[in-house]
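Quick notes on the structure that follows.
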Amino acid sequence: MLRLKGIIMIIVGSMLWGATGPMMEWILDYSEMSVSMMLILRLTIAGAVVLALLKAKGIQIGRPMRQKLWLRKMVMFGVIGMLGVQYGFVQTIAHSDAVVATLFQFVAPVYIIILLSIFQKSFPPGSQVIGMIVALFGLILLLTNGSFSSISLDTSAIVWGVIVGFAFTFYTLYPVVLMSEWGVLLVVGWGMFIGGVTLFIINLPMFFMNLGALLNGPAMGMLLLVIIMGTLAFIMFLQSMTYISPVETSVLSSFEPLTAMIVSVFWLGQSMGVWQISGAAIMLVGVIWLSIGGNRKKENAPFPESIQEYDHSEV
């Protein structure tokens with residue numbers, strides 16, 4: 001019964017995450033709200049809510065910020081990890097669409113394994129190599145739509161998509177010690193709040209010049225839904241790990257790009273070429289194989305368990 005509860009939680013959480021992509025795309029298309037303003041509001045509000053809830057539970061949320069070592073690590077995670085992933089993800093949406101952005105994020109395990117292979121000077125297990133080849137082949141089909149003489153995606157979208165992958169690699173690997181010391185919710189809460197405040201400071205003049213965008217009732221209502229759904233999704237991801245294995249979490253999180261695709265097609269009226277749809281499906285198979293293969297080879301693989309059991313669905 002507990003395992004079923006975990007499965008339901010990860011599926012619902014993935015679907016909520018997947019739905020927020022098209023919702024943010026709608027906000028960018030049908031309002032004057034910029035990428036920066038949307039993320040400032042989303043990160044700052046969500047981070048503040050998480051920290052407030054933790055404080056209400058009696059947790060001393062300020063403890064890590066009073067020590068220079070943890071303060072520095074928390075700031076780096078908030079700026080490079082949390083803000084880097086979120087900003088790159090929404091910029092990819094702005095230059096393409098939510099489906100493409102979600103798929104670029106979904107293929108992040110390939111970046112992690114390649115990066116660790118370089119630093120550790122070790123060749124990954126054969127099962128992971130197969131998974132990477134399949135996932136990258138699917139990505140090529142997505143980018144070209146089957147025509148290798150031209151790229152079907154805007155160059156800016158590809159650049160931001162690659163940035164999302166590298167930022168997500170940092171987001172995944174860097175905070176391991178932080179989360180072990182202070183807990184996942186506290187680290188993510190501070191990460192979101194620091195990322196939002198940093199972006200606010202950088203865009204201070206522009207933010208106040210664009211305050212008129214806040215008067216758009218439908219857009220603000222949609223943004224509120226994005227904040228609520230995103231926060232609920234993150235909590236469900238965390239809770240599901242209590243009841244099911246990390247590899248099950250990785251596989252079932254494939255509902256995220258599938259949801260983004262379905263919502264985009266039926267709500268936003270978007271369409272993808274046959275080869276792009278095929279590429280998306282191949283990418284899903286490759287990343288799922290990567291997760292399953294990595295789990296099977298965990299004992300003999302040259303990578304830490306935290307990477308083998310990596311959950312690529314958290315953005």
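Residue numbering restarts at 1 in every chain; chains get A, B, ... in the order shown in the structure tokens, and ligands count up from 1 in that same order.
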
List every residue of region 196-301 of chain A that DSSP, applied to the backbone, labels as alpha helix (DSSP H), and write the result as a CSV table (one decimal) with N, CA, C and O atoms, in the first residue's frame.
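Generated output (result_8.csv):
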```
chain,number,residue,atom,x,y,z
A,196,GLY,N,15.9,34.1,-6.3
A,196,GLY,CA,14.9,35.2,-6.6
A,196,GLY,C,15.4,36.6,-6.3
A,196,GLY,O,15.2,37.5,-7.0
A,197,VAL,N,16.0,36.7,-5.1
A,197,VAL,CA,16.5,38.0,-4.6
A,197,VAL,C,17.6,38.5,-5.5
A,197,VAL,O,17.7,39.7,-5.9
A,198,THR,N,18.5,37.5,-5.9
A,198,THR,CA,19.6,37.9,-6.8
A,198,THR,C,19.2,38.4,-8.1
A,198,THR,O,19.6,39.4,-8.6
A,199,LEU,N,18.2,37.7,-8.7
A,199,LEU,CA,17.6,38.2,-10.0
A,199,LEU,C,16.9,39.5,-9.8
A,199,LEU,O,17.0,40.4,-10.7
A,200,PHE,N,16.3,39.7,-8.7
A,200,PHE,CA,15.6,41.0,-8.4
A,200,PHE,C,16.6,42.2,-8.4
A,200,PHE,O,16.4,43.2,-8.9
A,201,ILE,N,17.8,41.9,-7.7
A,201,ILE,CA,18.8,43.0,-7.6
A,201,ILE,C,19.4,43.3,-8.9
A,201,ILE,O,19.6,44.4,-9.3
A,202,ILE,N,19.6,42.2,-9.7
A,202,ILE,CA,20.2,42.4,-11.1
A,202,ILE,C,19.3,43.2,-12.0
A,202,ILE,O,19.7,44.1,-12.8
A,204,LEU,N,16.7,45.3,-11.0
A,204,LEU,CA,16.0,46.2,-10.1
A,204,LEU,C,15.3,47.3,-10.9
A,204,LEU,O,14.1,47.5,-10.8
A,205,PRO,N,16.0,48.1,-11.8
A,205,PRO,CA,15.3,49.2,-12.5
A,205,PRO,C,14.3,48.6,-13.4
A,205,PRO,O,13.1,49.2,-13.5
A,206,MET,N,14.6,47.5,-14.2
A,206,MET,CA,13.6,47.0,-15.1
A,206,MET,C,12.4,46.4,-14.4
A,206,MET,O,11.3,46.5,-14.9
A,207,PHE,N,12.6,45.9,-13.2
A,207,PHE,CA,11.5,45.3,-12.5
A,207,PHE,C,10.4,46.4,-12.2
A,207,PHE,O,9.2,46.2,-12.4
A,208,PHE,N,10.9,47.5,-11.7
A,208,PHE,CA,9.9,48.6,-11.3
A,208,PHE,C,9.3,49.3,-12.6
A,208,PHE,O,8.2,49.8,-12.5
A,209,MET,N,10.1,49.2,-13.7
A,209,MET,CA,9.6,49.8,-14.9
A,209,MET,C,8.4,48.9,-15.5
A,209,MET,O,7.6,49.4,-16.2
A,217,GLY,N,-4.6,40.5,-14.5
A,217,GLY,CA,-5.2,39.5,-13.6
A,217,GLY,C,-5.0,38.1,-14.0
A,217,GLY,O,-4.6,37.2,-13.2
A,218,PRO,N,-5.4,37.7,-15.3
A,218,PRO,CA,-5.2,36.3,-15.7
A,218,PRO,C,-3.8,35.8,-15.6
A,218,PRO,O,-3.5,34.7,-15.2
A,219,ALA,N,-2.8,36.7,-16.0
A,219,ALA,CA,-1.4,36.2,-15.9
A,219,ALA,C,-1.0,36.0,-14.5
A,219,ALA,O,-0.2,35.1,-14.2
A,220,MET,N,-1.4,36.9,-13.6
A,220,MET,CA,-1.0,36.8,-12.2
A,220,MET,C,-1.7,35.5,-11.6
A,220,MET,O,-1.1,34.8,-10.7
A,221,GLY,N,-2.9,35.3,-12.0
A,221,GLY,CA,-3.6,34.1,-11.5
A,221,GLY,C,-2.9,32.8,-12.0
A,221,GLY,O,-2.7,31.8,-11.2
A,222,MET,N,-2.4,32.8,-13.2
A,222,MET,CA,-1.7,31.7,-13.8
A,222,MET,C,-0.4,31.5,-13.1
A,222,MET,O,0.0,30.4,-12.8
A,223,LEU,N,0.3,32.6,-12.8
A,223,LEU,CA,1.6,32.5,-12.1
A,223,LEU,C,1.4,32.0,-10.7
A,223,LEU,O,2.2,31.2,-10.2
A,224,LEU,N,0.3,32.4,-10.0
A,224,LEU,CA,0.0,31.8,-8.7
A,224,LEU,C,-0.2,30.3,-8.8
A,224,LEU,O,0.3,29.6,-7.9
A,225,LEU,N,-0.9,29.8,-9.8
A,225,LEU,CA,-1.0,28.4,-10.0
A,225,LEU,C,0.3,27.7,-10.2
A,225,LEU,O,0.5,26.6,-9.7
A,226,VAL,N,1.2,28.4,-11.0
A,226,VAL,CA,2.5,27.8,-11.3
A,226,VAL,C,3.3,27.6,-10.0
A,226,VAL,O,3.9,26.6,-9.7
A,227,ILE,N,3.2,28.7,-9.1
A,227,ILE,CA,3.9,28.6,-7.8
A,227,ILE,C,3.4,27.5,-7.0
A,227,ILE,O,4.1,26.7,-6.4
A,228,ILE,N,2.0,27.4,-6.9
A,228,ILE,CA,1.4,26.4,-6.0
A,228,ILE,C,1.7,25.0,-6.5
A,228,ILE,O,2.1,24.1,-5.8
A,229,MET,N,1.5,24.8,-7.8
A,229,MET,CA,1.7,23.5,-8.4
A,229,MET,C,3.1,23.0,-8.4
A,229,MET,O,3.4,21.9,-8.1
A,230,GLY,N,4.0,24.0,-8.6
A,230,GLY,CA,5.4,23.6,-8.6
A,230,GLY,C,5.9,23.2,-7.2
A,230,GLY,O,6.6,22.3,-7.0
A,231,THR,N,5.4,24.0,-6.2
A,231,THR,CA,5.7,23.6,-4.8
A,231,THR,C,5.2,22.3,-4.4
A,231,THR,O,5.9,21.4,-3.8
A,232,LEU,N,3.9,22.0,-4.7
A,232,LEU,CA,3.3,20.7,-4.4
A,232,LEU,C,4.0,19.6,-5.1
A,232,LEU,O,4.2,18.5,-4.5
A,233,ALA,N,4.4,19.8,-6.4
A,233,ALA,CA,5.1,18.8,-7.1
A,233,ALA,C,6.5,18.4,-6.5
A,233,ALA,O,6.8,17.3,-6.3
A,234,PHE,N,7.2,19.5,-6.0
A,234,PHE,CA,8.5,19.2,-5.4
A,234,PHE,C,8.3,18.4,-4.1
A,234,PHE,O,9.0,17.5,-3.8
A,235,ILE,N,7.3,18.8,-3.3
A,235,ILE,CA,7.0,18.0,-2.0
A,235,ILE,C,6.7,16.6,-2.4
A,235,ILE,O,7.1,15.6,-1.7
A,236,MET,N,5.9,16.3,-3.4
A,236,MET,CA,5.5,15.0,-3.8
A,236,MET,C,6.7,14.2,-4.2
A,236,MET,O,6.8,13.0,-3.9
A,237,PHE,N,7.6,14.8,-5.0
A,237,PHE,CA,8.9,14.2,-5.4
A,237,PHE,C,9.6,13.7,-4.2
A,237,PHE,O,10.1,12.5,-4.1
A,238,LEU,N,9.8,14.5,-3.2
A,238,LEU,CA,10.5,14.2,-2.0
A,238,LEU,C,9.9,13.1,-1.2
A,238,LEU,O,10.5,12.1,-0.8
A,239,GLN,N,8.6,13.2,-1.0
A,239,GLN,CA,7.8,12.2,-0.3
A,239,GLN,C,7.8,10.8,-0.9
A,239,GLN,O,7.8,9.8,-0.3
A,240,SER,N,7.8,10.8,-2.3
A,240,SER,CA,7.7,9.6,-3.0
A,240,SER,C,8.9,8.7,-2.8
A,240,SER,O,8.9,7.5,-2.7
A,241,MET,N,10.1,9.4,-2.5
A,241,MET,CA,11.3,8.7,-2.3
A,241,MET,C,11.3,7.9,-1.0
A,241,MET,O,12.1,7.0,-0.8
A,242,THR,N,10.4,8.2,-0.1
A,242,THR,CA,10.2,7.5,1.1
A,242,THR,C,9.6,6.1,0.9
A,242,THR,O,9.8,5.2,1.6
A,243,TYR,N,8.8,6.0,-0.2
A,243,TYR,CA,8.0,4.8,-0.4
A,243,TYR,C,8.5,3.9,-1.6
A,243,TYR,O,8.2,2.7,-1.6
A,246,PRO,N,14.7,5.0,-5.9
A,246,PRO,CA,15.1,6.1,-6.8
A,246,PRO,C,15.0,5.8,-8.2
A,246,PRO,O,14.6,6.6,-9.0
A,247,VAL,N,15.2,4.5,-8.6
A,247,VAL,CA,15.1,4.2,-10.0
A,247,VAL,C,13.7,4.2,-10.5
A,247,VAL,O,13.3,4.6,-11.6
A,248,GLU,N,12.7,3.8,-9.6
A,248,GLU,CA,11.3,3.9,-9.9
A,248,GLU,C,10.9,5.3,-10.1
A,248,GLU,O,10.1,5.7,-10.9
A,249,THR,N,11.5,6.2,-9.2
A,249,THR,CA,11.2,7.6,-9.3
A,249,THR,C,11.6,8.2,-10.6
A,249,THR,O,10.9,9.0,-11.3
A,250,SER,N,12.9,7.8,-11.1
A,250,SER,CA,13.4,8.3,-12.3
A,250,SER,C,12.5,7.8,-13.5
A,250,SER,O,12.2,8.6,-14.4
A,251,VAL,N,12.1,6.6,-13.5
A,251,VAL,CA,11.3,6.0,-14.6
A,251,VAL,C,10.0,6.7,-14.7
A,251,VAL,O,9.5,7.2,-15.7
A,252,LEU,N,9.3,6.8,-13.5
A,252,LEU,CA,7.9,7.3,-13.5
A,252,LEU,C,7.9,8.8,-13.7
A,252,LEU,O,6.9,9.4,-14.1
A,255,PHE,N,6.6,10.9,-16.9
A,255,PHE,CA,5.3,11.6,-17.1
A,255,PHE,C,5.4,13.1,-17.2
A,255,PHE,O,4.5,13.7,-17.7
A,256,GLU,N,6.5,13.7,-16.8
A,256,GLU,CA,6.7,15.1,-16.9
A,256,GLU,C,6.7,15.6,-18.3
A,256,GLU,O,5.9,16.4,-18.7
A,257,PRO,N,7.7,15.1,-19.2
A,257,PRO,CA,7.7,15.6,-20.6
A,257,PRO,C,6.4,15.1,-21.3
A,257,PRO,O,6.0,15.9,-22.2
A,258,LEU,N,5.9,14.0,-21.0
A,258,LEU,CA,4.6,13.5,-21.7
A,258,LEU,C,3.5,14.5,-21.3
A,258,LEU,O,2.7,14.9,-22.2
A,259,THR,N,3.4,14.9,-20.1
A,259,THR,CA,2.3,15.9,-19.7
A,259,THR,C,2.5,17.2,-20.4
A,259,THR,O,1.6,17.8,-20.9
A,260,ALA,N,3.8,17.7,-20.5
A,260,ALA,CA,4.1,19.0,-21.1
A,260,ALA,C,3.7,18.9,-22.6
A,260,ALA,O,3.1,19.8,-23.1
A,261,MET,N,3.9,17.7,-23.2
A,261,MET,CA,3.6,17.6,-24.6
A,261,MET,C,2.1,17.6,-24.8
A,261,MET,O,1.5,18.3,-25.7
A,262,ILE,N,1.4,16.8,-24.0
A,262,ILE,CA,-0.1,16.7,-24.1
A,262,ILE,C,-0.8,18.1,-23.9
A,262,ILE,O,-1.6,18.5,-24.7
A,263,VAL,N,-0.4,18.7,-22.8
A,263,VAL,CA,-0.9,20.0,-22.5
A,263,VAL,C,-0.7,21.0,-23.6
A,263,VAL,O,-1.5,21.8,-24.0
A,264,SER,N,0.5,21.0,-24.1
A,264,SER,CA,0.9,22.0,-25.2
A,264,SER,C,0.1,21.8,-26.5
A,264,SER,O,-0.3,22.7,-27.1
A,265,VAL,N,-0.1,20.5,-26.8
A,265,VAL,CA,-0.9,20.2,-28.0
A,265,VAL,C,-2.3,20.6,-27.9
A,265,VAL,O,-2.9,21.2,-28.7
A,266,PHE,N,-3.0,20.2,-26.8
A,266,PHE,CA,-4.4,20.3,-26.6
A,266,PHE,C,-4.8,21.7,-26.1
A,266,PHE,O,-5.9,22.2,-26.4
A,274,VAL,N,6.7,14.8,-37.3
A,274,VAL,CA,6.7,13.4,-37.0
A,274,VAL,C,8.1,12.9,-36.4
A,274,VAL,O,8.2,12.2,-35.4
A,275,TRP,N,9.2,13.4,-37.0
A,275,TRP,CA,10.5,13.1,-36.6
A,275,TRP,C,10.8,13.6,-35.2
A,275,TRP,O,11.5,13.0,-34.4
A,276,GLN,N,10.2,14.8,-34.9
A,276,GLN,CA,10.4,15.4,-33.6
A,276,GLN,C,9.7,14.6,-32.5
A,276,GLN,O,10.2,14.4,-31.4
A,277,ILE,N,8.5,14.1,-32.8
A,277,ILE,CA,7.8,13.3,-31.9
A,277,ILE,C,8.5,12.0,-31.7
A,277,ILE,O,8.6,11.5,-30.5
A,278,SER,N,9.0,11.4,-32.8
A,278,SER,CA,9.8,10.2,-32.7
A,278,SER,C,11.1,10.4,-31.8
A,278,SER,O,11.4,9.6,-31.0
A,279,GLY,N,11.7,11.6,-32.0
A,279,GLY,CA,12.9,11.9,-31.3
A,279,GLY,C,12.6,12.0,-29.8
A,279,GLY,O,13.4,11.6,-28.9
A,280,ALA,N,11.5,12.7,-29.5
A,280,ALA,CA,11.1,12.8,-28.1
A,280,ALA,C,10.8,11.4,-27.4
A,280,ALA,O,11.3,11.2,-26.3
A,281,ALA,N,10.2,10.5,-28.2
A,281,ALA,CA,9.9,9.2,-27.6
A,281,ALA,C,11.2,8.4,-27.4
A,281,ALA,O,11.4,7.7,-26.4
A,282,ILE,N,12.2,8.6,-28.4
A,282,ILE,CA,13.5,7.9,-28.3
A,282,ILE,C,14.2,8.4,-27.1
A,282,ILE,O,14.9,7.7,-26.4
A,283,MET,N,14.2,9.8,-26.9
A,283,MET,CA,14.8,10.3,-25.7
A,283,MET,C,14.3,9.8,-24.4
A,283,MET,O,15.1,9.5,-23.5
A,284,LEU,N,13.0,9.6,-24.3
A,284,LEU,CA,12.4,9.0,-23.1
A,284,LEU,C,12.9,7.6,-22.9
A,284,LEU,O,13.3,7.3,-21.8
A,285,VAL,N,13.0,6.9,-24.0
A,285,VAL,CA,13.4,5.5,-23.8
A,285,VAL,C,14.9,5.5,-23.4
A,285,VAL,O,15.3,4.7,-22.5
A,286,GLY,N,15.7,6.4,-24.0
A,286,GLY,CA,17.1,6.4,-23.6
A,286,GLY,C,17.4,6.8,-22.2
A,286,GLY,O,18.2,6.2,-21.5
A,287,VAL,N,16.7,7.8,-21.7
A,287,VAL,CA,16.9,8.3,-20.3
A,287,VAL,C,16.4,7.2,-19.3
A,287,VAL,O,17.0,7.0,-18.3
A,288,ILE,N,15.2,6.6,-19.7
A,288,ILE,CA,14.7,5.5,-18.8
A,288,ILE,C,15.7,4.3,-18.7
A,288,ILE,O,16.0,3.8,-17.7
A,289,TRP,N,16.2,4.0,-19.9
A,289,TRP,CA,17.2,2.9,-19.9
A,289,TRP,C,18.5,3.3,-19.1
A,289,TRP,O,19.1,2.5,-18.5
A,290,LEU,N,18.8,4.6,-19.2
A,290,LEU,CA,20.0,5.1,-18.5
A,290,LEU,C,19.8,4.9,-17.0
A,290,LEU,O,20.7,4.5,-16.3
A,291,SER,N,18.5,5.2,-16.5
A,291,SER,CA,18.2,5.1,-15.1
A,291,SER,C,18.2,3.6,-14.7
A,291,SER,O,18.8,3.2,-13.7
A,292,ILE,N,17.6,2.7,-15.5
A,292,ILE,CA,17.5,1.3,-15.1
A,292,ILE,C,18.9,0.7,-15.2
A,292,ILE,O,19.3,-0.1,-14.3
A,293,GLY,N,19.6,1.0,-16.3
A,293,GLY,CA,20.9,0.4,-16.5
A,293,GLY,C,21.9,0.9,-15.4
A,293,GLY,O,22.7,0.1,-14.9
A,294,GLY,N,21.8,2.1,-15.1
A,294,GLY,CA,22.7,2.7,-14.0
A,294,GLY,C,22.4,2.0,-12.7
A,294,GLY,O,23.3,1.7,-11.9
A,295,ASN,N,21.1,1.7,-12.4
A,295,ASN,CA,20.8,1.1,-11.2
A,295,ASN,C,21.3,-0.4,-11.1
A,295,ASN,O,21.8,-0.8,-10.1
A,296,ARG,N,21.3,-1.1,-12.2
A,296,ARG,CA,21.8,-2.4,-12.3
A,296,ARG,C,23.3,-2.5,-12.1
A,296,ARG,O,23.8,-3.5,-11.5
```

Within 7 Å of region 95-101 of chain A using only C-alpha atoms, minus same-chain residues under 4 positions, as a ChimeraX atom specification: /A:21-22,25,89,91,105,154,156-157,161,257,260-261

Selection to disk with N, CA and C atoms, as a PDB file, in the first residue's frame:
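Final output, saved to result29.pdb:
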```pdb
ATOM      1  N   GLY A  21       5.218  23.978 -17.285  1.00  0.00           N
ATOM      2  CA  GLY A  21       5.959  24.478 -18.448  1.00  0.00           C
ATOM      3  C   GLY A  21       5.056  25.208 -19.435  1.00  0.00           C
ATOM      4  N   PRO A  22       3.996  24.547 -19.949  1.00  0.00           N
ATOM      5  CA  PRO A  22       3.064  25.245 -20.846  1.00  0.00           C
ATOM      6  C   PRO A  22       2.392  26.445 -20.187  1.00  0.00           C
ATOM      7  N   GLU A  25       4.751  29.215 -20.459  1.00  0.00           N
ATOM      8  CA  GLU A  25       4.776  29.626 -21.866  1.00  0.00           C
ATOM      9  C   GLU A  25       3.583  30.521 -22.171  1.00  0.00           C
ATOM     10  N   PHE A  89      15.835  27.325 -18.109  1.00  0.00           N
ATOM     11  CA  PHE A  89      14.638  26.580 -18.502  1.00  0.00           C
ATOM     12  C   PHE A  89      13.589  27.511 -19.110  1.00  0.00           C
ATOM     13  N   GLN A  91      14.053  30.562 -20.314  1.00  0.00           N
ATOM     14  CA  GLN A  91      14.566  31.158 -21.550  1.00  0.00           C
ATOM     15  C   GLN A  91      14.438  30.177 -22.716  1.00  0.00           C
ATOM     16  N   GLN A 105      15.792  19.482 -20.354  1.00  0.00           N
ATOM     17  CA  GLN A 105      16.034  19.252 -18.924  1.00  0.00           C
ATOM     18  C   GLN A 105      16.032  17.770 -18.599  1.00  0.00           C
ATOM     19  N   ASP A 154      15.398  27.176 -33.089  1.00  0.00           N
ATOM     20  CA  ASP A 154      16.166  28.403 -33.046  1.00  0.00           C
ATOM     21  C   ASP A 154      17.486  28.165 -32.318  1.00  0.00           C
ATOM     22  N   SER A 156      19.161  30.089 -30.406  1.00  0.00           N
ATOM     23  CA  SER A 156      19.091  30.547 -29.016  1.00  0.00           C
ATOM     24  C   SER A 156      18.455  29.492 -28.123  1.00  0.00           C
ATOM     25  N   ALA A 157      17.436  28.797 -28.648  1.00  0.00           N
ATOM     26  CA  ALA A 157      16.775  27.748 -27.868  1.00  0.00           C
ATOM     27  C   ALA A 157      17.746  26.610 -27.571  1.00  0.00           C
ATOM     28  N   GLY A 161      19.035  25.567 -23.997  1.00  0.00           N
ATOM     29  CA  GLY A 161      18.788  24.175 -23.617  1.00  0.00           C
ATOM     30  C   GLY A 161      20.041  23.494 -23.103  1.00  0.00           C
ATOM     31  N   PRO A 257       7.670  15.103 -19.171  1.00  0.00           N
ATOM     32  CA  PRO A 257       7.664  15.582 -20.564  1.00  0.00           C
ATOM     33  C   PRO A 257       6.426  15.147 -21.322  1.00  0.00           C
ATOM     34  N   ALA A 260       3.799  17.687 -20.451  1.00  0.00           N
ATOM     35  CA  ALA A 260       4.097  18.951 -21.131  1.00  0.00           C
ATOM     36  C   ALA A 260       3.681  18.886 -22.596  1.00  0.00           C
ATOM     37  N   MET A 261       3.934  17.740 -23.221  1.00  0.00           N
ATOM     38  CA  MET A 261       3.597  17.578 -24.636  1.00  0.00           C
ATOM     39  C   MET A 261       2.082  17.572 -24.841  1.00  0.00           C
TER      40      MET A 261
END
```

At most 8 Å is the cut-off: for each residue in region 60-159 of chain A with any atom that close to an atom of region 170-188 of chain A, write down the nearest atom pair and the distance in Å rounded to one decimal, counting only C-alpha atoms, chain first then increasing number, as a Markdown table.
```
| residue | atom | partner | partner_atom | distance |
| --- | --- | --- | --- | --- |
| A:Ile61 | CA | A:Leu186 | CA | 6.9 |
| A:Pro64 | CA | A:Trp182 | CA | 7.6 |
| A:Trp70 | CA | A:Leu178 | CA | 7.5 |
| A:Lys73 | CA | A:Leu178 | CA | 7.5 |
| A:Met74 | CA | A:Val187 | CA | 7.2 |
| A:Phe77 | CA | A:Pro175 | CA | 6.6 |
| A:Ile80 | CA | A:Phe170 | CA | 7.5 |
| A:Gly81 | CA | A:Tyr171 | CA | 4.3 |
| A:Met82 | CA | A:Tyr171 | CA | 6.5 |
| A:Val85 | CA | A:Tyr171 | CA | 7.4 |
```

The selected residues should be written to file as a PDB file, in the first residue's frame (atoms: N, CA, C and O atoms).
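The resulting file, part_15.pdb, is reproduced below:
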```
ATOM      1  N   ILE A  61      15.690  28.182  10.698  1.00  0.00           N
ATOM      2  CA  ILE A  61      16.045  28.307   9.289  1.00  0.00           C
ATOM      3  C   ILE A  61      17.280  29.183   9.058  1.00  0.00           C
ATOM      4  O   ILE A  61      17.916  29.116   8.011  1.00  0.00           O
ATOM      5  N   PRO A  64      22.171  27.896   8.988  1.00  0.00           N
ATOM      6  CA  PRO A  64      23.231  27.767   7.983  1.00  0.00           C
ATOM      7  C   PRO A  64      23.740  29.099   7.449  1.00  0.00           C
ATOM      8  O   PRO A  64      24.846  29.175   6.913  1.00  0.00           O
ATOM      9  N   TRP A  70      28.834  27.569   5.174  1.00  0.00           N
ATOM     10  CA  TRP A  70      27.520  27.163   4.667  1.00  0.00           C
ATOM     11  C   TRP A  70      26.832  28.307   3.942  1.00  0.00           C
ATOM     12  O   TRP A  70      26.096  28.072   2.973  1.00  0.00           O
ATOM     13  N   LYS A  73      28.259  28.294   0.424  1.00  0.00           N
ATOM     14  CA  LYS A  73      27.736  27.169  -0.348  1.00  0.00           C
ATOM     15  C   LYS A  73      26.265  27.386  -0.713  1.00  0.00           C
ATOM     16  O   LYS A  73      25.830  27.072  -1.826  1.00  0.00           O
ATOM     17  N   MET A  74      25.504  27.939   0.228  1.00  0.00           N
ATOM     18  CA  MET A  74      24.089  28.174  -0.017  1.00  0.00           C
ATOM     19  C   MET A  74      23.898  29.224  -1.114  1.00  0.00           C
ATOM     20  O   MET A  74      23.022  29.084  -1.976  1.00  0.00           O
ATOM     21  N   PHE A  77      24.753  27.668  -4.504  1.00  0.00           N
ATOM     22  CA  PHE A  77      23.663  26.804  -4.957  1.00  0.00           C
ATOM     23  C   PHE A  77      22.476  27.635  -5.441  1.00  0.00           C
ATOM     24  O   PHE A  77      21.893  27.342  -6.480  1.00  0.00           O
ATOM     25  N   ILE A  80      23.943  29.826  -8.849  1.00  0.00           N
ATOM     26  CA  ILE A  80      24.371  29.023 -10.002  1.00  0.00           C
ATOM     27  C   ILE A  80      23.436  27.853 -10.260  1.00  0.00           C
ATOM     28  O   ILE A  80      23.066  27.570 -11.403  1.00  0.00           O
ATOM     29  N   GLY A  81      23.036  27.180  -9.177  1.00  0.00           N
ATOM     30  CA  GLY A  81      22.198  25.999  -9.334  1.00  0.00           C
ATOM     31  C   GLY A  81      20.736  26.333  -9.567  1.00  0.00           C
ATOM     32  O   GLY A  81      20.210  26.159 -10.664  1.00  0.00           O
ATOM     33  N   MET A  82      20.081  26.847  -8.538  1.00  0.00           N
ATOM     34  CA  MET A  82      18.642  27.088  -8.616  1.00  0.00           C
ATOM     35  C   MET A  82      18.290  28.135  -9.679  1.00  0.00           C
ATOM     36  O   MET A  82      17.465  27.879 -10.568  1.00  0.00           O
ATOM     37  N   VAL A  85      19.303  27.003 -13.359  1.00  0.00           N
ATOM     38  CA  VAL A  85      18.384  26.034 -13.957  1.00  0.00           C
ATOM     39  C   VAL A  85      17.067  26.704 -14.338  1.00  0.00           C
ATOM     40  O   VAL A  85      16.573  26.544 -15.463  1.00  0.00           O
TER      41      VAL A  85
END
```

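The coordinates place CA of Arg42 (chain A) at 22.2 Å from CA of Leu71 (chain A).
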
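Residue nearest Phe193 (chain A), chosen from A:Leu143, A:Leu116, A:Ile40, A:Ile11 and counting only C-alpha atoms: A:Ile40.
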
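Nearest-residue note for Met76 (chain A): choosing from A:Trp267, A:Phe123, A:Phe137, A:Trp190, the minimum distance belongs to A:Trp190, counting only C-alpha atoms.
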
Residue with smallest distance to Pro109 (chain A) - pool A:Ala167, A:Leu43, A:Leu69, A:Ile93, counting only C-alpha atoms: A:Ala167

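In this model, the gap between CA of Ile140 (chain A) and CA of Ser122 (chain A) comes to 25.6 Å.
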
CA of Gly131 (chain A) to CA of Ser254 (chain A), distance in Å rounded to a single decimal: 14.6 Å
